[in-house]
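See below for the structure under consideration.
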Amino acid sequence: MTADPRMTGATATAARAPGPASGPAPAIELDHVSRWYGNVVAVNDISFSLGPGVTGLLGPNGAGKSTLLHMLAGLLRPSAGRLTVAGEPAWRNPSLYRRIGLVPEREAVHAFLTGFEFARMNARLQRLPDPDAAAARAIRTVDLESAAHRQIGTYSKGMRQRAKIAGALVHEPTILLLDEPFNGMDPRQRLHMIALLRAMAAEGRTILFSSHILEEVERLADEVLVIHAGRLAASGDFRQIRRLMTDRPHTFRIRSSDDRALGAALVAQPAVFGVELSDGRLIARVGDYGAFTAALAATAKRAAVSLYEVAPTDDSLESVFAYLVRR
Amino acid sequence: MTADATPRPGGDPPIPSGSIYDLGYRGYDGPRLGRRHAVGALFTHTLLSCYGIGRGGRAKIIPFVLAGIAVLPAVIAVGLVALARQAGQAGEFITDASPIRYETYFEIVGQIVALFCAAQAPELLGRDQRYSVLSLYFSRALERTDYAIAKLGGFVVALLALVLAPQIILVLGLTLSSPDLAEGLGENLPKVPPILAQAITLSAVFGSLSLAIAAFTPRRAYATAGIIASFIIPPVVAEIAREVTSRDISRWFVLASPPDVIGATNAFFFDIRPDSSVIAAARHPGELYLAVAALAVAACTGILIRRYQRITA
Amino acid sequence: MTIFVTLVDVTLRGLVGRRRTVLLVLLAVLPIGLALLARLGGEAPDAAAALDALVVRIVLPLIALVFGTAALGAEIEDGTAVYLLTKPIARLHIVVAKVVVAALLTAALVAPSALATGLLMGGSDEGLAATLAVTPAVIIGSLLYAAAFVAISVVTTRALVIGLVYVVIWEGILAGILVGTRIFSIREAVLGFAGVLAPDAWEGGLEAAQAVGLALVVVIGGVALGARRLAVHEVRGGD
């Protein structure tokens, strides 16, 4: 996904993130898509395009993530705008499901089927030539072999999630949509799933997953789409987004041979808003990230101070998200 | 609050770590209305939600359609009578022969009431169970028994409204359309006590029975099917039993059939001969049916209360 | 073909094997029990009237109602329908499979019920004829009710109550009062089909042509309506 060169300054609202200028059509493309239920606007004028790789759809509950995913899965009709998946509209297009896999959020699965039978049912309905083999393969991929012949009704929450994912993988979709896929998974299962999704993305698939848990998204997603109250608040690499938020100072933690002298020298720099000495560290609050990093080494040298450690302290998705959501 | 200050990224003022923040929440120490008001509030809420009032538009469709169908014959009857009276002597004949009278109305409207019960009773009890909100109710001043009684009261009064509305229309219509108001009053007012008695009996029996069934399953479909089965099947069984078995056995089947029991109390209150051949064949005294009805109400209420005393919330 | 078989298999396993099936079997057995009672009592009731009152008016519509509204409706309500909808299969296939399963299950309970009840009750030739006529009629009736109720279950989540209102009020009350509405009553069509095979025993129903006409309209219309509504069925997200 490419970032919009028009994104500057405080307004990091990526209204439009156009896809590659040439080459194949983007896997997912939204053009001013909105969805409302009567008076309530669930998705508000969202545009983006996605290609292969893992993208995280991040937002608080009620932000519209599920609505967006369901529209992409052809289960909801956009109230306005154009929405295409693999170049075709998703609504009322059953043949598209050969290429899409959806893992819905709702827990309910056919409880009377075993894990294997559920995967096989999905394989058969996908018109696969060898449903049994595909089902077995999918079960193996999600590491559910030991429980594959028990009824899903007896599964734990994490196992049920994996069964759902197996069902969505049987036909090897090029586009995979997952709605809160890590719900109920323990850390080990989550790591396994992250590795799996990364591997699939490396094969060239487009994976879009939603979450309200920042650590998951940070770990797995190459790019994020931050959605809040139905609007797209930001898109792209979250570190890049952070850098664009220049009205919000970055914080660096610096350990040097003489913190106080370095601090005094840094305050003279225009990029620096303030310094603070605490906990044996020098905390610098900075406006212009690029200018500061360029000036830091020179400043330290001039002040005859050695730098031992320079670390950005708030370069996390959490701070990005908190900032965006609070606006 | 500890004085430990931790610098926060982004330049926000440092906040103490590990403290409780005073967000301005205040406890309420004033007077509370207590249990009676809680019960009253639940009763009112139940009554209104039977008709979908207080919920969206879609929730009103089924109860209002059924209520409309229940009231329709009364409206038609009043219209006919009003027209007939214009026609004079011939009109008298028509009004006397009208099949829609106070006595016969309960039979006409009985099936509608059964449908209403099957449609709404599961909504009243099932939703609270399905969405696990019972614990919220029981953590208030409301006791478990209060919950059951309030729901029952609300539902029975809702049924009462359904059953009395057409009768009120009939009473008013027939009285007001009679040429001599005093005569009209004299004819129709004495009917009011039996109307009320029968309405109360019908509402209590149908209401308590429906709720007793609906209390046992959060799934709407099961409850609806169970309720409607309990209204539709026993009369047919009683009818068939009357035909195929001897008198002595079959006459007891009729007591297990709610619509028939209500039909018999109807005949008892209005002091007429029962229409249904099953009831006539059974030849029980009217008081017996009344006793059975009272017993049924008590038993169903007991089952309902016991269910809610034992249900895991 | 495998698609159809898969859909049928999933639906069948979803409908059978629950508490509701046990209760429905009990319902289907009820007329048989009463017939047994009659036989033991030594009476010889009018088989046609009993079958009409019990099987055609009560057992058939109620069982069809439960299976018909649950075949697709239960999956829509609990959210498992998503796994059928997000597949490259025509919505029509899904609806047809559901209708077929609902009809088969209903007929599997009601037809033996009718047959056994009638055989137990009747001694006369007339009774036998009535029974043998009504059994295929209720099988057709199962299909008609199934198509109608599956279609309704796609349109609304309150399909069971609406179906009940139809059976009790439309078929029960109105068809008695407004004779013209009989042409839109599935029950009358069932009686009509029975009347085709045994005209003496089954007099009340529709004429043969009317019954066939209604049957075609209900089945084709129901399936078509269900398929169309399912194609635009929206599944809201959890948010």
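FYI, nothing fancy with the structure tokens labels: chains A, B, ... in order, residues from 1 per chain, ligands from 1 as they appear.
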
Item to check | Nearby residues (only C-alpha atoms) at most 9 Å from Ile112 of chain B, same-chain spacing under 3 positions excluded, as a list in words | outcome: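 Listed by chain and then number, they are Leu66, Ala67, Ile69, Ala70, Ile108, Val109, Leu115, Phe116 and Cys117 of chain B; Val165, Val168 and Ile169 of chain C.
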
Checklist entry - Quick one: residues within 10 Å of segment 263-271 of chain B, only C-alpha atoms counted, chain neighbours fewer than 5 positions away excluded, as number ranges by chain? => result B: 102-107, 110, 191, 193-199, 201-202, 254-255, 257-258, 276, 278-280, 284-293

Expected file contents, prior selection, N, CA and C atoms, as an mmCIF file, in the first residue's frame:
```cif
data_model
loop_
_atom_site.group_PDB
_atom_site.id
_atom_site.type_symbol
_atom_site.label_atom_id
_atom_site.label_comp_id
_atom_site.auth_asym_id
_atom_site.auth_seq_id
_atom_site.Cartn_x
_atom_site.Cartn_y
_atom_site.Cartn_z
ATOM 1 N N TYR B 102 -71.736 -10.561 23.579
ATOM 2 C CA TYR B 102 -70.799 -10.661 24.701
ATOM 3 C C TYR B 102 -70.462 -12.119 24.991
ATOM 4 N N GLU B 103 -71.513 -12.932 24.995
ATOM 5 C CA GLU B 103 -71.300 -14.323 25.411
ATOM 6 C C GLU B 103 -70.446 -15.069 24.419
ATOM 7 N N THR B 104 -70.669 -14.768 23.164
ATOM 8 C CA THR B 104 -69.954 -15.543 22.154
ATOM 9 C C THR B 104 -68.580 -14.962 21.852
ATOM 10 N N TYR B 105 -68.331 -13.756 22.351
ATOM 11 C CA TYR B 105 -67.103 -13.093 21.919
ATOM 12 C C TYR B 105 -65.858 -13.823 22.382
ATOM 13 N N PHE B 106 -65.905 -14.351 23.565
ATOM 14 C CA PHE B 106 -64.703 -15.008 24.079
ATOM 15 C C PHE B 106 -64.306 -16.198 23.238
ATOM 16 N N GLU B 107 -65.307 -16.853 22.663
ATOM 17 C CA GLU B 107 -64.954 -17.967 21.802
ATOM 18 C C GLU B 107 -64.306 -17.472 20.517
ATOM 19 N N GLY B 110 -60.803 -16.162 21.423
ATOM 20 C CA GLY B 110 -59.927 -17.083 22.145
ATOM 21 C C GLY B 110 -58.671 -17.466 21.388
ATOM 22 N N LYS B 191 -74.553 -6.863 31.802
ATOM 23 C CA LYS B 191 -73.599 -7.790 31.210
ATOM 24 C C LYS B 191 -72.182 -7.537 31.677
ATOM 25 N N PRO B 193 -70.604 -7.228 34.718
ATOM 26 C CA PRO B 193 -69.948 -8.130 35.680
ATOM 27 C C PRO B 193 -69.514 -9.464 35.077
ATOM 28 N N PRO B 194 -70.400 -10.161 34.334
ATOM 29 C CA PRO B 194 -69.913 -11.416 33.752
ATOM 30 C C PRO B 194 -68.771 -11.185 32.766
ATOM 31 N N ILE B 195 -68.820 -10.072 32.013
ATOM 32 C CA ILE B 195 -67.723 -9.792 31.088
ATOM 33 C C ILE B 195 -66.409 -9.688 31.854
ATOM 34 N N LEU B 196 -66.449 -8.911 32.924
ATOM 35 C CA LEU B 196 -65.236 -8.713 33.711
ATOM 36 C C LEU B 196 -64.750 -10.037 34.301
ATOM 37 N N ALA B 197 -65.699 -10.789 34.869
ATOM 38 C CA ALA B 197 -65.304 -12.040 35.507
ATOM 39 C C ALA B 197 -64.650 -12.972 34.490
ATOM 40 N N GLN B 198 -65.270 -13.087 33.342
ATOM 41 C CA GLN B 198 -64.732 -13.994 32.339
ATOM 42 C C GLN B 198 -63.398 -13.488 31.809
ATOM 43 N N ALA B 199 -63.300 -12.169 31.632
ATOM 44 C CA ALA B 199 -62.046 -11.614 31.123
ATOM 45 C C ALA B 199 -60.902 -11.902 32.090
ATOM 46 N N THR B 201 -60.760 -14.293 34.336
ATOM 47 C CA THR B 201 -60.456 -15.726 34.348
ATOM 48 C C THR B 201 -59.625 -16.110 33.132
ATOM 49 N N LEU B 202 -60.047 -15.660 31.976
ATOM 50 C CA LEU B 202 -59.342 -16.016 30.755
ATOM 51 C C LEU B 202 -57.910 -15.508 30.789
ATOM 52 N N VAL B 254 -61.759 -33.082 29.295
ATOM 53 C CA VAL B 254 -62.104 -31.690 29.002
ATOM 54 C C VAL B 254 -61.519 -30.746 30.045
ATOM 55 N N LEU B 255 -61.266 -31.268 31.224
ATOM 56 C CA LEU B 255 -60.725 -30.402 32.268
ATOM 57 C C LEU B 255 -59.259 -30.061 32.030
ATOM 58 N N SER B 257 -58.112 -29.196 29.141
ATOM 59 C CA SER B 257 -58.023 -28.403 27.920
ATOM 60 C C SER B 257 -58.346 -26.956 28.236
ATOM 61 N N PRO B 258 -57.356 -26.088 28.231
ATOM 62 C CA PRO B 258 -57.590 -24.705 28.653
ATOM 63 C C PRO B 258 -58.718 -24.000 27.886
ATOM 64 N N SER B 276 -70.103 -25.615 23.113
ATOM 65 C CA SER B 276 -69.302 -26.756 22.699
ATOM 66 C C SER B 276 -69.944 -28.063 23.133
ATOM 67 N N VAL B 278 -68.478 -30.801 23.519
ATOM 68 C CA VAL B 278 -67.598 -31.517 24.456
ATOM 69 C C VAL B 278 -67.957 -31.142 25.890
ATOM 70 N N ILE B 279 -68.148 -29.846 26.090
ATOM 71 C CA ILE B 279 -68.461 -29.395 27.445
ATOM 72 C C ILE B 279 -69.842 -29.901 27.847
ATOM 73 N N ALA B 280 -70.759 -29.822 26.908
ATOM 74 C CA ALA B 280 -72.099 -30.272 27.221
ATOM 75 C C ALA B 280 -72.103 -31.743 27.575
ATOM 76 N N HIS B 284 -70.281 -31.351 33.726
ATOM 77 C CA HIS B 284 -69.772 -30.955 35.035
ATOM 78 C C HIS B 284 -70.480 -29.684 35.453
ATOM 79 N N PRO B 285 -70.606 -29.465 36.742
ATOM 80 C CA PRO B 285 -71.173 -28.183 37.181
ATOM 81 C C PRO B 285 -70.197 -27.060 36.887
ATOM 82 N N GLY B 286 -70.762 -25.875 36.622
ATOM 83 C CA GLY B 286 -69.927 -24.737 36.254
ATOM 84 C C GLY B 286 -68.877 -24.411 37.289
ATOM 85 N N GLU B 287 -69.245 -24.601 38.563
ATOM 86 C CA GLU B 287 -68.306 -24.261 39.632
ATOM 87 C C GLU B 287 -67.034 -25.095 39.541
ATOM 88 N N LEU B 288 -67.187 -26.317 39.049
ATOM 89 C CA LEU B 288 -66.009 -27.177 38.938
ATOM 90 C C LEU B 288 -64.989 -26.574 37.987
ATOM 91 N N TYR B 289 -65.487 -26.067 36.870
ATOM 92 C CA TYR B 289 -64.578 -25.445 35.917
ATOM 93 C C TYR B 289 -63.887 -24.245 36.531
ATOM 94 N N LEU B 290 -64.645 -23.491 37.291
ATOM 95 C CA LEU B 290 -64.067 -22.323 37.943
ATOM 96 C C LEU B 290 -62.969 -22.754 38.911
ATOM 97 N N ALA B 291 -63.257 -23.811 39.636
ATOM 98 C CA ALA B 291 -62.255 -24.314 40.572
ATOM 99 C C ALA B 291 -61.021 -24.800 39.835
ATOM 100 N N VAL B 292 -61.249 -25.507 38.725
ATOM 101 C CA VAL B 292 -60.113 -25.992 37.932
ATOM 102 C C VAL B 292 -59.294 -24.819 37.418
ATOM 103 N N ALA B 293 -59.993 -23.780 36.962
ATOM 104 C CA ALA B 293 -59.285 -22.601 36.462
ATOM 105 C C ALA B 293 -58.428 -21.991 37.561
#
```

Report the closest atom pair, with its distance in Å rounded to one decimal, for each residue of chain C that has an atom no farther than 8 Å from chain B; count only C-alpha atoms, sort by chain and then rising residue number, and write it as JSON lines.
```
{"residue": "C:Arg20", "atom": "CA", "partner": "B:Tyr222", "partner_atom": "CA", "distance": 7.3}
{"residue": "C:Leu34", "atom": "CA", "partner": "B:Ala241", "partner_atom": "CA", "distance": 7.3}
{"residue": "C:Leu37", "atom": "CA", "partner": "B:Val244", "partner_atom": "CA", "distance": 7.2}
{"residue": "C:Ala38", "atom": "CA", "partner": "B:Val244", "partner_atom": "CA", "distance": 4.6}
{"residue": "C:Arg39", "atom": "CA", "partner": "B:Val244", "partner_atom": "CA", "distance": 8.0}
{"residue": "C:Gly41", "atom": "CA", "partner": "B:Thr245", "partner_atom": "CA", "distance": 5.4}
{"residue": "C:Gly42", "atom": "CA", "partner": "B:Val244", "partner_atom": "CA", "distance": 7.8}
{"residue": "C:Glu43", "atom": "CA", "partner": "B:Val244", "partner_atom": "CA", "distance": 5.4}
{"residue": "C:Ala44", "atom": "CA", "partner": "B:Val244", "partner_atom": "CA", "distance": 7.3}
{"residue": "C:Pro45", "atom": "CA", "partner": "B:Val244", "partner_atom": "CA", "distance": 6.5}
{"residue": "C:Ala50", "atom": "CA", "partner": "B:Ile240", "partner_atom": "CA", "distance": 7.3}
{"residue": "C:Ala53", "atom": "CA", "partner": "B:Val236", "partner_atom": "CA", "distance": 7.3}
{"residue": "C:Leu54", "atom": "CA", "partner": "B:Val236", "partner_atom": "CA", "distance": 7.0}
{"residue": "C:Ile58", "atom": "CA", "partner": "B:Ile233", "partner_atom": "CA", "distance": 7.5}
{"residue": "C:Leu62", "atom": "CA", "partner": "B:Ala225", "partner_atom": "CA", "distance": 7.9}
{"residue": "C:Val66", "atom": "CA", "partner": "B:Ala225", "partner_atom": "CA", "distance": 7.7}
{"residue": "C:Leu160", "atom": "CA", "partner": "B:Ala221", "partner_atom": "CA", "distance": 6.8}
{"residue": "C:Val161", "atom": "CA", "partner": "B:Ala119", "partner_atom": "CA", "distance": 5.9}
{"residue": "C:Leu164", "atom": "CA", "partner": "B:Leu115", "partner_atom": "CA", "distance": 7.5}
{"residue": "C:Val165", "atom": "CA", "partner": "B:Leu115", "partner_atom": "CA", "distance": 6.9}
{"residue": "C:Val168", "atom": "CA", "partner": "B:Gln111", "partner_atom": "CA", "distance": 7.5}
{"residue": "C:Ile169", "atom": "CA", "partner": "B:Ile112", "partner_atom": "CA", "distance": 7.8}
```

Convert the current residue selection to file output with N, CA and C atoms, as an mmCIF file, in the first residue's frame.
```cif
data_model
loop_
_atom_site.group_PDB
_atom_site.id
_atom_site.type_symbol
_atom_site.label_atom_id
_atom_site.label_comp_id
_atom_site.auth_asym_id
_atom_site.auth_seq_id
_atom_site.Cartn_x
_atom_site.Cartn_y
_atom_site.Cartn_z
ATOM 1 N N ARG C 20 -36.065 -30.705 19.923
ATOM 2 C CA ARG C 20 -37.301 -30.383 19.214
ATOM 3 C C ARG C 20 -37.796 -31.580 18.409
ATOM 4 N N LEU C 34 -54.359 -41.727 19.947
ATOM 5 C CA LEU C 34 -55.807 -41.583 20.068
ATOM 6 C C LEU C 34 -56.539 -42.653 19.267
ATOM 7 N N LEU C 37 -56.565 -45.716 21.196
ATOM 8 C CA LEU C 37 -57.566 -45.596 22.249
ATOM 9 C C LEU C 37 -58.945 -45.923 21.700
ATOM 10 N N ALA C 38 -59.203 -45.393 20.505
ATOM 11 C CA ALA C 38 -60.503 -45.638 19.901
ATOM 12 C C ALA C 38 -60.703 -47.119 19.626
ATOM 13 N N ARG C 39 -59.654 -47.699 19.085
ATOM 14 C CA ARG C 39 -59.735 -49.113 18.739
ATOM 15 C C ARG C 39 -60.006 -49.964 19.973
ATOM 16 N N GLY C 41 -61.375 -48.937 22.625
ATOM 17 C CA GLY C 41 -62.692 -48.637 23.179
ATOM 18 C C GLY C 41 -63.810 -49.287 22.394
ATOM 19 N N GLY C 42 -63.439 -49.804 21.234
ATOM 20 C CA GLY C 42 -64.437 -50.512 20.452
ATOM 21 C C GLY C 42 -65.271 -49.620 19.573
ATOM 22 N N GLU C 43 -65.024 -48.308 19.620
ATOM 23 C CA GLU C 43 -65.792 -47.418 18.766
ATOM 24 C C GLU C 43 -65.220 -47.429 17.358
ATOM 25 N N ALA C 44 -66.028 -46.981 16.413
ATOM 26 C CA ALA C 44 -65.548 -46.885 15.039
ATOM 27 C C ALA C 44 -65.801 -45.468 14.536
ATOM 28 N N PRO C 45 -64.913 -44.579 14.821
ATOM 29 C CA PRO C 45 -65.152 -43.171 14.464
ATOM 30 C C PRO C 45 -64.981 -42.933 12.969
ATOM 31 N N ALA C 50 -61.617 -37.558 11.717
ATOM 32 C CA ALA C 50 -60.532 -37.560 12.707
ATOM 33 C C ALA C 50 -59.213 -37.170 12.059
ATOM 34 N N ALA C 53 -59.269 -33.464 11.393
ATOM 35 C CA ALA C 53 -59.136 -32.632 12.585
ATOM 36 C C ALA C 53 -57.739 -32.708 13.176
ATOM 37 N N LEU C 54 -57.205 -33.901 13.218
ATOM 38 C CA LEU C 54 -55.933 -34.077 13.895
ATOM 39 C C LEU C 54 -54.737 -33.855 12.989
ATOM 40 N N ILE C 58 -53.687 -29.988 12.443
ATOM 41 C CA ILE C 58 -52.783 -29.720 13.564
ATOM 42 C C ILE C 58 -51.402 -30.280 13.334
ATOM 43 N N LEU C 62 -48.175 -27.817 12.133
ATOM 44 C CA LEU C 62 -47.249 -27.527 13.222
ATOM 45 C C LEU C 62 -45.870 -28.104 12.967
ATOM 46 N N VAL C 66 -42.378 -25.936 12.324
ATOM 47 C CA VAL C 66 -41.133 -26.010 13.084
ATOM 48 C C VAL C 66 -39.959 -26.328 12.165
ATOM 49 N N LEU C 160 -41.821 -17.940 12.640
ATOM 50 C CA LEU C 160 -42.642 -18.941 13.329
ATOM 51 C C LEU C 160 -43.987 -18.346 13.725
ATOM 52 N N VAL C 161 -43.938 -17.149 14.309
ATOM 53 C CA VAL C 161 -45.196 -16.537 14.745
ATOM 54 C C VAL C 161 -46.067 -16.186 13.545
ATOM 55 N N LEU C 164 -47.644 -19.158 12.274
ATOM 56 C CA LEU C 164 -48.732 -19.541 13.172
ATOM 57 C C LEU C 164 -49.976 -18.714 12.910
ATOM 58 N N VAL C 165 -49.768 -17.411 12.764
ATOM 59 C CA VAL C 165 -50.910 -16.546 12.471
ATOM 60 C C VAL C 165 -51.575 -16.990 11.174
ATOM 61 N N VAL C 168 -53.435 -20.423 11.977
ATOM 62 C CA VAL C 168 -54.586 -20.334 12.867
ATOM 63 C C VAL C 168 -55.643 -19.388 12.320
ATOM 64 N N ILE C 169 -55.205 -18.220 11.887
ATOM 65 C CA ILE C 169 -56.195 -17.226 11.488
ATOM 66 C C ILE C 169 -56.590 -17.386 10.024
#
```

Can you check which residues of chain C have any atom within 7 Å of chain A? Use only C-alpha atoms and format it as a PDB file with C-alpha atoms, in the first residue's frame.
```pdb
ATOM      1  CA  ILE C   3     -23.147 -29.233  -3.458  1.00  0.00           C
ATOM      2  CA  THR C   6     -23.623 -31.342   1.170  1.00  0.00           C
ATOM      3  CA  ASP C  78     -27.415 -18.016  15.120  1.00  0.00           C
ATOM      4  CA  GLY C  79     -25.041 -16.750  12.477  1.00  0.00           C
ATOM      5  CA  THR C  80     -23.905 -20.011  10.896  1.00  0.00           C
ATOM      6  CA  THR C  86     -19.863 -16.996   1.398  1.00  0.00           C
ATOM      7  CA  LYS C  87     -19.559 -19.793  -1.112  1.00  0.00           C
ATOM      8  CA  PRO C  88     -19.699 -19.730  -4.907  1.00  0.00           C
ATOM      9  CA  ILE C  89     -23.099 -21.370  -5.068  1.00  0.00           C
ATOM     10  CA  ALA C  90     -26.348 -19.906  -6.291  1.00  0.00           C
ATOM     11  CA  ALA C 231     -29.353 -13.021  -2.550  1.00  0.00           C
ATOM     12  CA  VAL C 232     -29.812  -9.608  -0.954  1.00  0.00           C
ATOM     13  CA  GLU C 234     -27.410  -8.721   4.704  1.00  0.00           C
ATOM     14  CA  VAL C 235     -25.362 -10.019   7.585  1.00  0.00           C
ATOM     15  CA  ARG C 236     -24.432  -7.269   9.951  1.00  0.00           C
ATOM     16  CA  GLY C 237     -21.132  -7.393  11.731  1.00  0.00           C
ATOM     17  CA  GLY C 238     -20.592  -7.671  15.425  1.00  0.00           C
ATOM     18  CA  ASP C 239     -19.542  -4.047  15.801  1.00  0.00           C
TER      19      ASP C 239
END
```

Next on the checklist: Can you pull out the residues contacting Ile32 of chain C? Cut-off 7 Å, using only C-alpha atoms, and skip same-chain residues under 4 positions away; I want them as an NGL selection string.
Outcome noted: :C and (36 or 113 or 116-117)

Checklist entry - What's the 10 Å shell around Ala303 of chain A, counting only C-alpha atoms, without same-chain residues fewer than 4 positions away, as a PyMOL selection string? => result chain A and resi 258+261-266+297-299

Item to check | Test item, helix (DSSP H, G or I) assignment across segment 8-150 of chain B, answer as a ChimeraX atom specification | outcome: /B:34-50,58-86,89-97,102-130,134-138,144-150

With C-alpha atoms retained, could you export that selection as a compact mmCIF listing (two decimals), in the first residue's frame?
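Printed below is again.txt as written:
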```txt
# COMPACT_ATOMS: atom_id res chain seq x y z
CA GLY B 34 -37.41 0.49 47.37
CA ARG B 35 -38.83 -2.85 46.46
CA ARG B 36 -42.42 -1.89 45.82
CA HIS B 37 -41.43 0.64 43.23
CA ALA B 38 -39.04 -1.80 41.61
CA VAL B 39 -41.84 -4.30 41.24
CA GLY B 40 -44.14 -1.60 39.96
CA ALA B 41 -41.58 -0.47 37.41
CA LEU B 42 -41.05 -3.99 36.12
CA PHE B 43 -44.80 -4.53 35.98
CA THR B 44 -45.30 -1.41 33.89
CA HIS B 45 -42.38 -2.24 31.66
CA THR B 46 -43.74 -5.74 31.06
CA LEU B 47 -47.18 -4.43 30.27
CA LEU B 48 -45.87 -1.93 27.77
CA SER B 49 -43.44 -4.26 26.09
CA CYS B 50 -46.22 -6.78 25.49
CA ARG B 58 -41.07 -3.71 14.31
CA ALA B 59 -41.88 -4.99 17.78
CA LYS B 60 -45.31 -3.38 17.57
CA ILE B 61 -46.42 -5.07 14.38
CA ILE B 62 -47.42 -8.48 15.65
CA PRO B 63 -49.19 -7.41 18.87
CA PHE B 64 -51.06 -4.60 17.19
CA VAL B 65 -52.09 -6.73 14.24
CA LEU B 66 -53.41 -9.36 16.61
CA ALA B 67 -55.14 -6.74 18.72
CA GLY B 68 -56.67 -5.29 15.60
CA ILE B 69 -58.00 -8.67 14.54
CA ALA B 70 -59.37 -9.20 18.03
CA VAL B 71 -61.22 -5.91 18.01
CA LEU B 72 -62.44 -6.15 14.45
CA PRO B 73 -65.54 -8.31 15.04
CA ALA B 74 -66.73 -5.94 17.75
CA VAL B 75 -66.36 -2.98 15.45
CA ILE B 76 -68.19 -4.84 12.72
CA ALA B 77 -70.93 -5.85 15.11
CA VAL B 78 -71.45 -2.32 16.36
CA GLY B 79 -71.53 -1.07 12.81
CA LEU B 80 -74.09 -3.67 11.83
CA VAL B 81 -76.26 -2.90 14.83
CA ALA B 82 -76.13 0.81 14.19
CA LEU B 83 -77.15 0.28 10.59
CA ALA B 84 -79.78 -2.24 11.56
CA ARG B 85 -81.43 0.05 14.04
CA GLN B 86 -81.88 2.54 11.28
CA GLN B 89 -88.24 -3.47 13.00
CA ALA B 90 -86.21 -5.58 10.67
CA GLY B 91 -83.22 -4.15 12.47
CA GLU B 92 -84.30 -5.67 15.78
CA PHE B 93 -84.30 -9.05 14.22
CA ILE B 94 -80.81 -8.64 12.88
CA THR B 95 -79.35 -7.42 16.14
CA ASP B 96 -80.84 -10.34 18.03
CA ALA B 97 -79.49 -12.81 15.54
CA TYR B 102 -70.80 -10.66 24.70
CA GLU B 103 -71.30 -14.32 25.41
CA THR B 104 -69.95 -15.54 22.15
CA TYR B 105 -67.10 -13.09 21.92
CA PHE B 106 -64.70 -15.01 24.08
CA GLU B 107 -64.95 -17.97 21.80
CA ILE B 108 -64.29 -15.81 18.79
CA VAL B 109 -61.33 -14.07 20.33
CA GLY B 110 -59.93 -17.08 22.14
CA GLN B 111 -57.65 -18.18 19.35
CA ILE B 112 -56.32 -14.67 18.90
CA VAL B 113 -55.48 -14.53 22.57
CA ALA B 114 -53.71 -17.86 22.26
CA LEU B 115 -51.65 -16.51 19.36
CA PHE B 116 -50.86 -13.36 21.31
CA CYS B 117 -49.63 -15.49 24.20
CA ALA B 118 -47.53 -17.65 21.91
CA ALA B 119 -46.03 -14.59 20.27
CA GLN B 120 -45.33 -12.40 23.29
CA ALA B 121 -44.73 -14.64 26.29
CA PRO B 122 -41.44 -15.96 24.89
CA GLU B 123 -40.35 -12.37 24.29
CA LEU B 124 -41.05 -11.42 27.88
CA LEU B 125 -39.11 -14.17 29.54
CA GLY B 126 -36.82 -15.57 26.88
CA ARG B 127 -34.89 -12.42 26.14
CA ASP B 128 -33.85 -11.85 29.72
CA GLN B 129 -32.63 -15.41 29.93
CA ARG B 130 -30.87 -15.44 26.61
CA LEU B 134 -31.27 -11.85 35.12
CA SER B 135 -28.30 -11.26 37.37
CA LEU B 136 -28.76 -7.56 36.82
CA TYR B 137 -32.37 -7.78 37.88
CA PHE B 138 -31.65 -9.86 40.93
CA ARG B 144 -36.62 -13.45 42.45
CA THR B 145 -40.25 -13.98 43.36
CA ASP B 146 -40.98 -10.33 42.68
CA TYR B 147 -39.59 -10.70 39.19
CA ALA B 148 -41.89 -13.61 38.43
CA ILE B 149 -44.94 -11.92 39.92
CA ALA B 150 -44.28 -8.63 38.19
```

Checklist entry - Which residues, written as a ChimeraX atom specification, have at least one atom at most 7 Å from His149 of chain A, with only C-alpha atoms counted and residues fewer than 5 positions away on the same chain left out? => result /A:114-116

Store the residues picked out above in a file with N, CA and C atoms, as a compact mmCIF listing (two decimals), in the first residue's frame.
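For reference, out_34.txt as written:
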```txt
# COMPACT_ATOMS: atom_id res chain seq x y z
N THR A 114 -17.82 -32.16 13.23
CA THR A 114 -16.47 -32.19 13.76
C THR A 114 -15.64 -31.15 13.00
N GLY A 115 -14.48 -30.83 13.54
CA GLY A 115 -13.62 -29.84 12.90
C GLY A 115 -13.32 -30.24 11.46
N PHE A 116 -13.02 -31.50 11.28
CA PHE A 116 -12.70 -31.96 9.94
C PHE A 116 -13.91 -31.87 9.03
```

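Those residues that approach segment 190-193 of chain A to within 10 Å, counting only C-alpha atoms, are A:Thr141, A:Val142, A:Asp143, A:Gly158, A:Arg162, A:Ile165, A:Pro181, A:Phe182, A:Asn183, A:Gly184, A:Met185, A:Arg198, A:Ala199, A:Glu216, A:Arg219, A:Leu220; same-chain residues fewer than 5 positions away are not listed.
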
Checklist outcome for this item: What separates atom CA of Leu232 of chain A and atom CA of Ile46 of chain A is a distance of 6.0 Å
